[in-house]
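**Student:** upload-v3.cif is reproduced below (mmCIF, C-alpha atoms).
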data_work
loop_
_atom_site.label_atom_id
_atom_site.label_comp_id
_atom_site.auth_asym_id
_atom_site.auth_seq_id
_atom_site.Cartn_x
_atom_site.Cartn_y
_atom_site.Cartn_z
CA MET A 1 -45.13 -118.79 8.91
CA ALA A 2 -48.36 -119.36 7.07
CA GLU A 3 -47.97 -115.93 5.51
CA CYS A 4 -44.55 -116.93 4.11
CA LEU A 5 -46.09 -119.99 2.49
CA ASN A 6 -48.95 -118.07 0.92
CA LYS A 7 -46.98 -115.03 -0.23
CA SER A 8 -44.96 -115.43 -3.41
CA LEU A 9 -42.09 -113.16 -4.22
CA ASP A 10 -42.87 -113.43 -7.89
CA ASN A 11 -46.25 -111.71 -7.50
CA VAL A 12 -47.94 -114.48 -9.43
CA THR A 13 -51.46 -113.55 -10.41
CA ALA A 14 -54.33 -115.49 -11.83
CA PRO A 15 -54.41 -115.99 -15.60
CA VAL A 16 -56.05 -113.17 -17.48
CA THR A 17 -58.83 -115.46 -18.66
CA THR A 18 -60.02 -115.98 -15.07
CA LEU A 19 -60.19 -112.26 -14.26
CA SER A 20 -63.39 -110.30 -14.34
CA ALA A 21 -64.03 -107.56 -16.90
CA GLU A 22 -63.43 -104.87 -14.27
CA ALA A 23 -60.14 -106.47 -13.23
CA ILE A 24 -58.94 -106.63 -16.85
CA LEU A 25 -59.91 -102.98 -17.37
CA GLU A 26 -58.08 -102.00 -14.20
CA LYS A 27 -54.92 -103.75 -15.38
CA THR A 28 -55.22 -102.00 -18.75
CA PHE A 29 -55.46 -98.62 -17.03
CA ASP A 30 -52.48 -99.52 -14.86
CA HIS A 31 -50.38 -100.36 -17.92
CA ILE A 32 -51.39 -97.32 -19.99
CA PHE A 33 -51.22 -94.63 -17.33
CA MET A 34 -48.78 -95.90 -14.70
CA GLU A 35 -46.36 -98.14 -16.59
CA VAL A 36 -46.18 -96.08 -19.80
CA GLY A 37 -47.78 -92.67 -19.34
CA VAL A 38 -46.33 -91.47 -16.04
CA PRO A 39 -42.70 -92.53 -16.74
CA THR A 40 -42.78 -90.91 -20.18
CA VAL A 41 -44.26 -87.66 -18.90
CA CYS A 42 -41.92 -87.52 -15.89
CA ALA A 43 -38.85 -88.11 -18.08
CA PHE A 44 -39.96 -85.23 -20.30
CA GLY A 45 -40.60 -83.16 -17.17
CA LEU A 46 -37.05 -83.72 -15.91
CA VAL A 47 -35.59 -82.30 -19.12
CA GLY A 48 -38.18 -79.53 -19.32
CA ASN A 49 -37.65 -78.32 -15.76
CA VAL A 50 -33.86 -78.32 -16.20
CA LEU A 51 -34.36 -76.08 -19.25
CA ASN A 52 -36.76 -73.93 -17.23
CA LEU A 53 -34.08 -73.40 -14.60
CA MET A 54 -31.45 -72.58 -17.23
CA VAL A 55 -33.65 -70.03 -19.00
CA LEU A 56 -35.17 -68.40 -15.91
CA THR A 57 -31.85 -67.97 -14.11
CA ARG A 58 -30.27 -66.59 -17.29
CA GLU A 59 -33.12 -64.11 -17.77
CA LYS A 60 -32.88 -63.03 -14.15
CA ILE A 61 -29.14 -62.34 -14.49
CA HIS A 62 -28.92 -60.79 -17.95
CA CYS A 63 -32.23 -59.01 -18.49
CA THR A 64 -33.52 -55.68 -17.25
CA LEU A 65 -36.46 -56.62 -15.04
CA THR A 66 -38.59 -54.59 -12.67
CA LYS A 67 -38.87 -55.54 -9.02
CA MET A 68 -42.18 -57.31 -9.58
CA GLU A 69 -40.87 -59.25 -12.58
CA LYS A 70 -37.82 -60.34 -10.56
CA SER A 71 -40.12 -61.55 -7.80
CA ALA A 72 -42.13 -63.53 -10.34
CA HIS A 73 -38.92 -65.04 -11.76
CA ILE A 74 -37.83 -66.14 -8.29
CA GLY A 75 -41.21 -67.83 -7.83
CA LEU A 76 -40.95 -69.56 -11.20
CA ILE A 77 -37.45 -70.81 -10.35
CA ALA A 78 -38.69 -72.22 -7.02
CA LEU A 79 -41.60 -73.86 -8.86
CA ALA A 80 -39.22 -75.44 -11.39
CA VAL A 81 -37.14 -76.92 -8.54
CA SER A 82 -40.23 -78.41 -6.88
CA ASP A 83 -41.57 -79.75 -10.19
CA PHE A 84 -38.19 -81.29 -10.99
CA MET A 85 -38.11 -83.13 -7.66
CA PHE A 86 -41.66 -84.40 -8.19
CA CYS A 87 -40.81 -85.70 -11.67
CA PHE A 88 -37.63 -87.38 -10.41
CA LEU A 89 -39.30 -89.10 -7.44
CA ALA A 90 -42.38 -90.12 -9.44
CA LEU A 91 -40.19 -91.55 -12.20
CA MET A 92 -38.23 -93.57 -9.65
CA PHE A 93 -41.47 -94.83 -8.13
CA THR A 94 -42.67 -96.16 -11.49
CA ILE A 95 -39.44 -97.75 -12.74
CA LEU A 96 -38.15 -99.35 -9.52
CA PRO A 97 -39.16 -103.02 -8.96
CA LEU A 98 -41.61 -102.43 -6.14
CA GLU A 99 -43.16 -105.55 -4.64
CA GLY A 100 -45.76 -106.52 -2.10
CA VAL A 101 -43.33 -108.63 -0.07
CA TYR A 102 -39.53 -108.32 0.10
CA LYS A 103 -37.11 -111.02 1.17
CA ASP A 104 -34.47 -108.56 2.41
CA VAL A 105 -34.07 -104.98 3.52
CA SER A 106 -33.04 -102.90 0.52
CA PRO A 107 -33.10 -99.27 -0.69
CA VAL A 108 -36.07 -100.23 -2.87
CA LEU A 109 -38.00 -101.28 0.24
CA TYR A 110 -37.25 -98.01 1.99
CA TYR A 111 -38.19 -96.00 -1.08
CA HIS A 112 -41.46 -97.93 -1.33
CA TRP A 113 -42.05 -96.98 2.29
CA LEU A 114 -41.07 -93.29 2.23
CA GLY A 115 -41.19 -92.33 -1.46
CA PRO A 116 -44.92 -91.47 -1.64
CA SER A 117 -44.58 -89.08 1.30
CA PHE A 118 -41.70 -87.22 -0.38
CA ILE A 119 -43.70 -87.04 -3.62
CA THR A 120 -46.61 -85.56 -1.68
CA ILE A 121 -44.34 -82.87 -0.20
CA PHE A 122 -43.47 -81.54 -3.63
CA ILE A 123 -47.06 -81.83 -4.88
CA ILE A 124 -48.37 -79.54 -2.15
CA THR A 125 -45.29 -77.28 -2.35
CA SER A 126 -45.83 -76.66 -6.07
CA THR A 127 -49.51 -76.06 -5.41
CA TRP A 128 -48.91 -73.33 -2.86
CA LEU A 129 -46.05 -71.79 -4.84
CA ILE A 130 -48.51 -71.29 -7.69
CA VAL A 131 -50.97 -69.70 -5.24
CA VAL A 132 -48.29 -67.33 -3.93
CA MET A 133 -47.20 -66.28 -7.43
CA ALA A 134 -50.79 -65.82 -8.57
CA GLY A 135 -51.48 -63.71 -5.47
CA GLU A 136 -48.46 -61.49 -6.13
CA ARG A 137 -49.43 -61.04 -9.77
CA TYR A 138 -53.00 -60.24 -8.71
CA LEU A 139 -51.70 -57.47 -6.45
CA ALA A 140 -49.33 -56.17 -9.13
CA VAL A 141 -52.05 -55.96 -11.77
CA CYS A 142 -55.22 -55.16 -9.82
CA HIS A 143 -53.74 -53.16 -6.92
CA PRO A 144 -50.48 -51.70 -8.27
CA PHE A 145 -50.00 -49.05 -5.58
CA LYS A 146 -50.36 -51.56 -2.75
CA ALA A 147 -48.14 -54.00 -4.65
CA ARG A 148 -45.23 -51.54 -4.73
CA LYS A 149 -45.32 -51.39 -0.93
CA ILE A 150 -45.95 -55.10 -0.30
CA ILE A 151 -43.95 -56.95 -2.97
CA SER A 152 -40.18 -57.05 -2.61
CA LEU A 153 -37.45 -59.54 -3.46
CA LYS A 154 -36.70 -60.18 0.21
CA ARG A 155 -40.34 -60.85 1.06
CA THR A 156 -40.74 -63.11 -1.94
CA ARG A 157 -37.73 -65.20 -0.87
CA ILE A 158 -39.05 -65.40 2.70
CA THR A 159 -42.49 -66.44 1.47
CA ILE A 160 -41.08 -69.18 -0.75
CA SER A 161 -38.94 -70.48 2.15
CA LEU A 162 -42.01 -70.52 4.38
CA VAL A 163 -44.00 -72.45 1.77
CA TYR A 164 -41.31 -75.14 1.61
CA THR A 165 -40.96 -75.28 5.41
CA VAL A 166 -44.67 -75.40 6.20
CA CYS A 167 -45.40 -78.02 3.53
CA ILE A 168 -42.63 -80.25 4.89
CA MET A 169 -43.89 -79.89 8.46
CA LEU A 170 -47.49 -80.62 7.51
CA SER A 171 -46.37 -83.71 5.61
CA LEU A 172 -44.49 -85.25 8.54
CA PRO A 173 -47.49 -87.35 9.73
CA LEU A 174 -47.45 -89.14 6.37
CA PHE A 175 -44.09 -90.71 7.23
CA PHE A 176 -45.62 -92.37 10.31
CA GLU A 177 -48.77 -93.80 8.78
CA ASN A 178 -46.98 -96.92 7.48
CA VAL A 179 -44.37 -99.20 8.97
CA ILE A 180 -42.15 -102.03 7.72
CA THR A 181 -43.20 -105.31 9.33
CA GLU A 182 -40.96 -108.35 9.60
CA THR A 183 -42.22 -111.93 9.34
CA ARG A 184 -40.12 -114.97 10.26
CA CYS A 185 -40.58 -117.92 7.92
CA PHE A 186 -40.30 -121.66 8.62
CA ASN A 187 -36.77 -121.84 7.18
CA ASN A 188 -35.60 -119.01 9.47
CA SER A 189 -35.66 -116.53 6.60
CA PHE A 190 -37.49 -113.22 6.85
CA ARG A 191 -40.04 -111.44 4.74
CA TYR A 192 -40.70 -107.70 4.90
CA LYS A 193 -43.91 -105.90 4.10
CA ILE A 194 -45.21 -102.32 4.34
CA GLU A 195 -48.38 -102.07 6.43
CA SER A 196 -50.44 -99.33 8.06
CA ARG A 197 -49.77 -98.53 11.70
CA SER A 198 -52.48 -99.52 14.11
CA GLU A 199 -52.25 -96.07 15.75
CA PHE A 200 -53.23 -94.44 12.44
CA GLY A 201 -56.45 -96.35 12.01
CA ASP A 202 -59.98 -95.61 10.93
CA GLU A 203 -60.28 -92.58 13.22
CA PHE A 204 -57.13 -90.67 12.29
CA VAL A 205 -56.86 -91.19 8.53
CA PRO A 206 -60.32 -89.78 7.56
CA ILE A 207 -59.68 -86.65 9.63
CA ARG A 208 -56.26 -86.18 8.07
CA ARG A 209 -57.68 -86.65 4.58
CA MET A 210 -60.41 -84.09 5.25
CA ILE A 211 -57.93 -81.48 6.48
CA TRP A 212 -55.66 -82.35 3.57
CA ALA A 213 -58.45 -81.84 1.05
CA VAL A 214 -59.32 -78.42 2.48
CA LEU A 215 -55.74 -77.13 2.72
CA PHE A 216 -54.32 -78.52 -0.49
CA ASP A 217 -57.28 -79.06 -2.82
CA PHE A 218 -60.29 -76.83 -2.21
CA LEU A 219 -58.66 -73.72 -0.71
CA PRO A 220 -55.88 -73.41 -3.35
CA SER A 221 -58.34 -74.09 -6.16
CA ALA A 222 -60.73 -71.39 -4.92
CA ALA A 223 -57.90 -68.85 -4.52
CA LEU A 224 -56.43 -69.60 -7.94
CA LEU A 225 -59.83 -69.41 -9.60
CA TYR A 226 -60.45 -65.97 -8.08
CA PHE A 227 -56.99 -64.63 -8.94
CA ASN A 228 -57.18 -65.91 -12.49
CA ILE A 229 -60.63 -64.46 -13.18
CA CYS A 230 -59.41 -61.05 -11.99
CA LEU A 231 -56.21 -61.23 -14.06
CA ILE A 232 -57.97 -62.37 -17.23
CA TRP A 233 -60.56 -59.62 -16.84
CA LYS A 234 -57.83 -56.99 -16.40
CA ILE A 235 -55.92 -58.23 -19.45
CA HIS A 236 -59.11 -58.22 -21.50
CA LYS A 237 -59.89 -54.70 -20.34
CA ALA A 238 -56.38 -53.49 -21.23
CA LYS A 239 -56.60 -55.03 -24.71
CA LYS A 240 -59.98 -53.38 -25.23
CA ILE A 241 -58.51 -49.99 -24.31
CA ARG A 242 -55.60 -50.60 -26.70
CA ARG A 243 -57.97 -51.43 -29.55
CA GLU A 244 -59.94 -48.24 -28.90
CA MET A 245 -56.74 -46.17 -28.87
CA ALA A 246 -55.18 -47.92 -31.87
CA PRO A 247 -56.83 -45.83 -34.65
CA GLY A 248 -55.52 -42.62 -33.18
CA GLN A 249 -52.08 -44.03 -32.48
CA SER A 250 -51.59 -45.38 -35.98
CA LYS A 251 -51.26 -41.84 -37.34
CA ASP A 252 -48.42 -40.91 -34.99
CA MET A 253 -44.73 -41.75 -34.80
CA VAL A 254 -42.01 -40.88 -32.32
CA ILE A 255 -38.25 -41.10 -32.86
CA TYR A 256 -36.22 -42.34 -29.85
CA ARG A 257 -32.55 -41.88 -29.06
CA HIS A 258 -30.38 -43.25 -26.21
CA GLY A 259 -33.15 -43.21 -23.59
CA ARG A 260 -33.43 -39.41 -23.57
CA GLU A 261 -36.17 -37.38 -25.11
CA ASN A 262 -35.10 -34.68 -27.54
CA THR A 263 -37.17 -32.90 -30.14
CA SER A 264 -36.45 -31.81 -33.66
CA THR A 265 -38.55 -30.13 -36.30
CA HIS A 266 -39.12 -31.49 -39.79
CA THR A 267 -41.05 -30.19 -42.75
CA GLU A 268 -44.49 -31.29 -43.92
CA ARG A 269 -42.88 -33.13 -46.84
CA ASP A 270 -40.67 -35.11 -44.45
CA TYR A 271 -43.71 -35.94 -42.37
CA THR A 272 -45.59 -37.28 -45.40
CA GLN A 273 -42.57 -39.29 -46.53
CA LEU A 274 -42.01 -40.81 -43.09
CA GLN A 275 -45.70 -41.67 -42.72
CA SER A 276 -45.61 -43.43 -46.07
CA MET A 277 -42.54 -45.46 -45.07
CA VAL A 278 -44.07 -46.53 -41.75
CA HIS A 279 -47.37 -47.34 -43.45
CA ASN A 280 -45.47 -49.69 -45.77
CA LYS A 281 -43.82 -51.26 -42.68
CA SER A 282 -40.35 -50.27 -43.87
CA THR A 283 -37.46 -49.78 -41.45
CA VAL A 284 -37.24 -46.03 -41.10
CA VAL A 285 -33.87 -44.51 -40.21
CA THR A 286 -33.13 -40.80 -40.12
CA ARG A 287 -30.08 -38.74 -39.18
CA HIS A 288 -29.98 -35.79 -36.83
CA ASN A 289 -26.83 -33.95 -35.73
CA GLY A 290 -24.69 -36.74 -37.17
CA HIS A 291 -26.59 -39.57 -35.38
CA SER A 292 -28.86 -42.26 -36.83
CA TYR A 293 -32.26 -42.99 -35.29
CA ASN A 294 -34.95 -45.57 -35.78
CA ILE A 295 -38.39 -44.01 -36.12
CA THR A 296 -41.26 -45.45 -34.12
CA THR A 297 -43.65 -42.50 -33.96
CA VAL A 298 -43.99 -39.09 -35.56
CA LYS A 299 -46.42 -36.58 -34.09
CA LYS A 300 -47.75 -33.78 -36.24
CA VAL A 301 -48.15 -30.36 -34.61
CA PRO A 302 -51.72 -29.08 -35.24
CA GLY A 303 -51.98 -25.83 -37.14
CA LYS A 304 -48.29 -25.72 -38.06
CA PRO A 305 -46.44 -26.82 -41.19
CA HIS A 306 -43.95 -28.73 -39.05
CA PHE A 307 -44.08 -31.71 -36.74
CA LYS A 308 -42.08 -32.77 -33.71
CA CYS A 309 -40.03 -35.93 -33.29
CA ARG A 310 -38.91 -37.30 -29.94
CA PHE A 311 -35.64 -39.24 -29.65
CA ALA A 312 -35.08 -42.06 -27.17
CA ASN A 313 -33.73 -45.60 -27.09
CA ALA A 314 -34.19 -47.24 -30.47
CA LYS A 315 -34.77 -50.63 -28.84
CA LEU A 316 -37.66 -49.51 -26.66
CA LYS A 317 -40.19 -52.29 -26.58
CA LYS A 318 -43.39 -51.67 -28.52
CA ARG A 319 -46.50 -51.62 -26.43
CA HIS A 320 -49.24 -53.10 -28.54
CA SER A 321 -52.11 -55.46 -27.87
CA GLU A 322 -49.96 -58.61 -28.04
CA SER A 323 -47.66 -57.48 -25.22
CA ALA A 324 -50.01 -58.73 -22.50
CA LEU A 325 -49.97 -62.21 -23.99
CA ASN A 326 -46.15 -62.33 -23.85
CA SER A 327 -45.77 -60.98 -20.32
CA VAL A 328 -45.07 -62.64 -17.00
CA THR A 329 -48.73 -62.08 -16.20
CA ALA A 330 -49.83 -64.19 -19.16
CA THR A 331 -47.31 -66.89 -18.19
CA LEU A 332 -48.68 -67.13 -14.66
CA VAL A 333 -52.25 -67.10 -15.95
CA ALA A 334 -51.40 -70.06 -18.19
CA VAL A 335 -49.75 -71.93 -15.29
CA VAL A 336 -52.84 -71.44 -13.13
CA VAL A 337 -55.18 -72.54 -15.92
CA LEU A 338 -53.11 -75.69 -16.40
CA PHE A 339 -53.32 -76.44 -12.68
CA LEU A 340 -57.07 -75.83 -12.55
CA VAL A 341 -57.65 -78.11 -15.55
CA LEU A 342 -55.36 -80.99 -14.65
CA VAL A 343 -55.09 -81.08 -10.85
CA SER A 344 -58.13 -79.53 -9.19
CA PRO A 345 -60.91 -81.59 -10.86
CA SER A 346 -58.96 -84.84 -10.44
CA GLU A 347 -58.34 -84.22 -6.74
CA VAL A 348 -61.98 -83.31 -6.12
CA LEU A 349 -63.12 -86.43 -8.00
CA LYS A 350 -60.73 -88.69 -6.10
CA PHE A 351 -61.75 -87.24 -2.74
CA THR A 352 -65.48 -87.40 -3.51
CA TYR A 353 -65.34 -90.99 -4.74
CA ALA A 354 -63.31 -92.05 -1.70
CA LYS A 355 -65.89 -90.50 0.66
CA LEU A 356 -68.82 -92.13 -1.15
CA ASN A 357 -67.20 -95.57 -1.02
CA GLU A 358 -65.75 -95.26 2.46
CA GLY A 359 -66.26 -98.45 4.48
CA LYS A 360 -67.20 -100.63 1.52
CA VAL A 361 -65.45 -103.99 1.20
CA GLY A 362 -64.43 -105.95 -1.85
CA PRO A 363 -62.29 -105.12 -4.89
CA LYS A 364 -62.05 -101.40 -5.61
CA TYR A 365 -61.26 -101.48 -9.29
CA THR A 366 -62.95 -98.16 -10.06
CA SER A 367 -61.07 -96.41 -7.26
CA LYS A 368 -57.78 -97.73 -8.58
CA MET A 369 -58.56 -96.61 -12.13
CA ILE A 370 -59.41 -93.11 -10.88
CA THR A 371 -56.11 -93.06 -9.00
CA TYR A 372 -54.18 -94.05 -12.12
CA VAL A 373 -55.78 -91.31 -14.20
CA THR A 374 -55.36 -88.60 -11.55
CA ASN A 375 -51.72 -89.57 -11.02
CA PHE A 376 -51.10 -89.20 -14.75
CA MET A 377 -52.83 -85.81 -14.81
CA GLN A 378 -50.72 -84.59 -11.90
CA ALA A 379 -47.54 -85.76 -13.61
CA LEU A 380 -48.63 -83.96 -16.78
CA ASN A 381 -49.19 -80.75 -14.82
CA PHE A 382 -45.74 -80.78 -13.24
CA SER A 383 -44.03 -81.67 -16.54
CA PHE A 384 -45.83 -79.38 -18.99
CA ASN A 385 -44.70 -75.95 -17.80
CA PHE A 386 -41.78 -75.87 -20.23
CA VAL A 387 -44.13 -76.21 -23.20
CA LEU A 388 -46.39 -73.61 -21.64
CA TYR A 389 -43.59 -71.06 -21.23
CA CYS A 390 -42.47 -71.58 -24.82
CA ALA A 391 -46.02 -71.12 -26.08
CA VAL A 392 -46.94 -67.89 -24.27
CA ASN A 393 -43.67 -66.12 -23.48
CA LYS A 394 -41.58 -64.79 -26.38
CA SER A 395 -38.71 -63.67 -24.16
CA PHE A 396 -38.49 -67.25 -22.82
CA ARG A 397 -38.20 -68.55 -26.39
CA ASP A 398 -35.56 -65.95 -27.25
CA THR A 399 -33.48 -66.80 -24.17
CA LEU A 400 -33.84 -70.52 -24.88
CA ALA A 401 -32.59 -69.94 -28.42
CA SER A 402 -29.67 -67.92 -27.11
CA ILE A 403 -28.57 -70.89 -24.99
CA PHE A 404 -28.36 -73.30 -27.92
CA CYS A 405 -27.34 -70.93 -30.73
CA PHE A 406 -23.86 -69.41 -30.80
CA CYS A 407 -25.04 -66.43 -32.79
CA SER A 408 -27.87 -65.79 -30.41
CA ILE A 409 -25.51 -66.06 -27.44
CA ARG A 410 -23.22 -63.48 -28.98
CA ASN A 411 -26.11 -61.14 -29.68
CA PHE A 412 -27.60 -61.79 -26.25
CA ASN A 413 -24.42 -60.69 -24.51
CA ASP A 414 -24.10 -57.61 -26.70
CA PRO A 415 -25.55 -54.64 -24.78
CA ALA A 416 -26.60 -53.01 -28.05
CA THR A 417 -28.83 -55.97 -28.91
CA THR A 418 -29.99 -57.12 -25.49
CA ARG A 419 -33.74 -57.37 -25.30
CA LEU A 420 -35.30 -55.03 -22.79
CA HIS A 421 -37.76 -56.89 -20.60
CA GLN A 422 -40.23 -54.39 -19.32
CA SER A 423 -43.28 -54.83 -17.17
CA THR A 424 -46.56 -55.13 -19.01
CA ASP A 425 -48.76 -54.73 -15.97
CA VAL A 426 -52.23 -53.55 -16.80
CA HIS A 427 -51.94 -50.43 -14.70
CA GLU A 428 -49.07 -49.31 -16.96
CA LEU A 429 -50.96 -50.23 -20.11
CA SER A 430 -54.03 -48.30 -19.18
#
Would you put the structure from the file into structure tokens?
**Tutor:**
Amino acid sequence: MAECLNKSLDNVTAPVTTLSAEAILEKTFDHIFMEVGVPTVCAFGLVGNVLNLMVLTREKIHCTLTKMEKSAHIGLIALAVSDFMFCFLALMFTILPLEGVYKDVSPVLYYHWLGPSFITIFIITSTWLIVVMAGERYLAVCHPFKARKIISLKRTRITISLVYTVCIMLSLPLFFENVITETRCFNNSFRYKIESRSEFGDEFVPIRRMIWAVLFDFLPSAALLYFNICLIWKIHKAKKIRREMAPGQSKDMVIYRHGRENTSTHTERDYTQLQSMVHNKSTVVTRHNGHSYNITTVKKVPGKPHFKCRFANAKLKKRHSESALNSVTATLVAVVVLFLVLVSPSEVLKFTYAKLNEGKVGPKYTSKMITYVTNFMQALNFSFNFVLYCAVNKSFRDTLASIFCFCSIRNFNDPATTRLHQSTDVHELS
């Protein structure tokens, strides 16, 4: 009963003038990062991840993708679902009127009790989905022959299902760490509060946090760092090879027709004229046997007054040095970099500070401020992928435009103008 008298439902706090400087700073951090920052970022993340799902599923259906690119798209779709759920649950956690003591049992009370555990499920699920996608892309780029045997759509789906299942199972203990306690007041009313279970005391929680840090902080960060270094090095090597080959390639052109290679012979004057038109970056169209062709390359035959032209699909994607930056590989590299910048350092800092201050009593204003900042950084990571995809992936931007522009939709559905999405793996480039 004494607890009912001392606990106010209005959460009345001391006037600001009586608070210490650290307490005032802590409240400022709480307002900036938790009351304003996290809800704003999560609301943006909800919209962004919905758009991610729309674009990625549309690309998967309409575009010509290789097996490895389809596997990467499935992973990105699963990541968008997990990120969406995180943003939704985190937004609800910040906007609902959560209190220290409740006067009745309500959905808000139950969400206060179980919501953080559900949020954690999707945090660790997104983390390991990124690791799985980075691992697949590492195999595809650095070990292409092994990748063709290992990577398949069925295995990718099974792996994603296992990630979701295992993360849920490992998170089950979180749902039992806290319990709703009931207190009877002097007027026969009841008050409800969320407290830690006595069974999950000082012995269990530190062990769980240590295992948690290894499985979901240090191990994923180390794996992603290794995968990303290898991918970036391969992309850099491929671009270097392209630059070395560029001078020789700039003097050649090839004409493509309908996906099949044919050859025709033209005179030296035609060769000079075509070279001049390509040098001036004009659209070059020629006719052969009553058909029109777009010229991409013309190759001169040494020692002969003629040159040969090959005909294939006029929409064949150019393979130049910027292709790697617009590929699925570059997209996944950017996602991993974002994770390593926003999530890994914050988790390591939070874990290290908690271990150093373990057992200390008194107000923990610094610990709370670190928690506010790390929560905001995590929310930013799970909400920012849409901007990332738009920045590094041209096909994503084109598909997004086709969704909102009638003309683009019409052109997108036209087989003659459909963009061919081809793999830009480094083993193909080199």
**Student:** Could you please determine the separation between CA of Leu224 (chain A) and CA of Val387 (chain A) in Å, to one decimal place?
**Tutor:** 20.7 Å
**Student:** Carefully work through the PyMOL selection byres ((chain A and resi 78) around 10) for this structure and note down the residues it includes, as an MDAnalysis selection string.
**Tutor:** chainID A and resid 53 72:77 79:84 125:126 129:130 157 160:161 164
**Student:** Would you mind exporting C-alpha atoms of the selected residues as an mmCIF file, in the coordinates of the input?
**Tutor:**
data_model
loop_
_atom_site.group_PDB
_atom_site.id
_atom_site.type_symbol
_atom_site.label_atom_id
_atom_site.label_comp_id
_atom_site.auth_asym_id
_atom_site.auth_seq_id
_atom_site.Cartn_x
_atom_site.Cartn_y
_atom_site.Cartn_z
ATOM 1 C CA LEU A 53 -34.080 -73.400 -14.600
ATOM 2 C CA ALA A 72 -42.130 -63.530 -10.340
ATOM 3 C CA HIS A 73 -38.920 -65.040 -11.760
ATOM 4 C CA ILE A 74 -37.830 -66.140 -8.290
ATOM 5 C CA GLY A 75 -41.210 -67.830 -7.830
ATOM 6 C CA LEU A 76 -40.950 -69.560 -11.200
ATOM 7 C CA ILE A 77 -37.450 -70.810 -10.350
ATOM 8 C CA LEU A 79 -41.600 -73.860 -8.860
ATOM 9 C CA ALA A 80 -39.220 -75.440 -11.390
ATOM 10 C CA VAL A 81 -37.140 -76.920 -8.540
ATOM 11 C CA SER A 82 -40.230 -78.410 -6.880
ATOM 12 C CA ASP A 83 -41.570 -79.750 -10.190
ATOM 13 C CA PHE A 84 -38.190 -81.290 -10.990
ATOM 14 C CA THR A 125 -45.290 -77.280 -2.350
ATOM 15 C CA SER A 126 -45.830 -76.660 -6.070
ATOM 16 C CA LEU A 129 -46.050 -71.790 -4.840
ATOM 17 C CA ILE A 130 -48.510 -71.290 -7.690
ATOM 18 C CA ARG A 157 -37.730 -65.200 -0.870
ATOM 19 C CA ILE A 160 -41.080 -69.180 -0.750
ATOM 20 C CA SER A 161 -38.940 -70.480 2.150
ATOM 21 C CA TYR A 164 -41.310 -75.140 1.610
#
**Student:** Give me the result of the PyMOL selection byres ((chain A and resi 231) around 9) on this file, residue by residue, as a PDB file with C-alpha atoms, in the coordinates of the input.
**Tutor:**
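Result saved to result-v5.pdb:
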ATOM      1  CA  ALA A 134     -50.790 -65.820  -8.570  1.00  0.00           C
ATOM      2  CA  ARG A 137     -49.430 -61.040  -9.770  1.00  0.00           C
ATOM      3  CA  TYR A 138     -53.000 -60.240  -8.710  1.00  0.00           C
ATOM      4  CA  VAL A 141     -52.050 -55.960 -11.770  1.00  0.00           C
ATOM      5  CA  CYS A 142     -55.220 -55.160  -9.820  1.00  0.00           C
ATOM      6  CA  TYR A 226     -60.450 -65.970  -8.080  1.00  0.00           C
ATOM      7  CA  PHE A 227     -56.990 -64.630  -8.940  1.00  0.00           C
ATOM      8  CA  ASN A 228     -57.180 -65.910 -12.490  1.00  0.00           C
ATOM      9  CA  ILE A 229     -60.630 -64.460 -13.180  1.00  0.00           C
ATOM     10  CA  CYS A 230     -59.410 -61.050 -11.990  1.00  0.00           C
ATOM     11  CA  ILE A 232     -57.970 -62.370 -17.230  1.00  0.00           C
ATOM     12  CA  TRP A 233     -60.560 -59.620 -16.840  1.00  0.00           C
ATOM     13  CA  LYS A 234     -57.830 -56.990 -16.400  1.00  0.00           C
ATOM     14  CA  ILE A 235     -55.920 -58.230 -19.450  1.00  0.00           C
ATOM     15  CA  HIS A 236     -59.110 -58.220 -21.500  1.00  0.00           C
ATOM     16  CA  THR A 329     -48.730 -62.080 -16.200  1.00  0.00           C
ATOM     17  CA  ALA A 330     -49.830 -64.190 -19.160  1.00  0.00           C
ATOM     18  CA  VAL A 333     -52.250 -67.100 -15.950  1.00  0.00           C
TER      19      VAL A 333
END
**Student:** Could you check how far CA of Val348 (chain A) sits from CA of Trp128 (chain A), in Å to one decimal?
**Tutor:**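 One can read the CA of Val348 (chain A) to CA of Trp128 (chain A) distance as 16.8 Å.
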**Student:** Using only C-alpha atoms, can you tell me which of A:Thr127, A:Thr66, A:Lys146, A:Cys42 comes closest to Met92 (chain A)?
**Tutor:** A:Cys42
**Student:** At most 12 Å from (-32.6, -109.7, -0.2), file frame, all atoms listed in the file: which residues, as number ranges by chain?
**Tutor:** A: 9, 101-109, 189-192
**Student:** Taking into account all atoms listed in the file, which residue in the set A:Leu338, A:Ile207, A:Val47, A:Val343 is nearest to Met85 (chain A)?
**Tutor:**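 Closest candidate: A:Val47.
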**Student:** Just the number, please: distance in Å from CA of Ser383 (chain A) to CA of Ile211 (chain A), one decimal.
**Tutor:** 26.9 Å
**Student:** Find the residue from A:Lys368, A:Arg397, A:Phe404, A:Arg209 that sits nearest to Lys27 (chain A); use only C-alpha atoms when measuring.
**Tutor:**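 Among A:Lys368, A:Arg397, A:Phe404, A:Arg209, it is A:Lys368 that comes nearest to Lys27 (chain A).
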**Student:** Would you list the residues near (-40.5, -75.6, -18.7), meaning any protein, DNA or RNA residue with an atom at most 7 Å from that point in file coordinates, counting all atoms listed in the file, as a list in words?
**Tutor:**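 Protein, DNA and RNA residues close to (-40.5, -75.6, -18.7): Gly48, Asn49, Leu51, Asn52, Phe384, Asn385, Phe386, Val387, Leu388 and Tyr389 of chain A.
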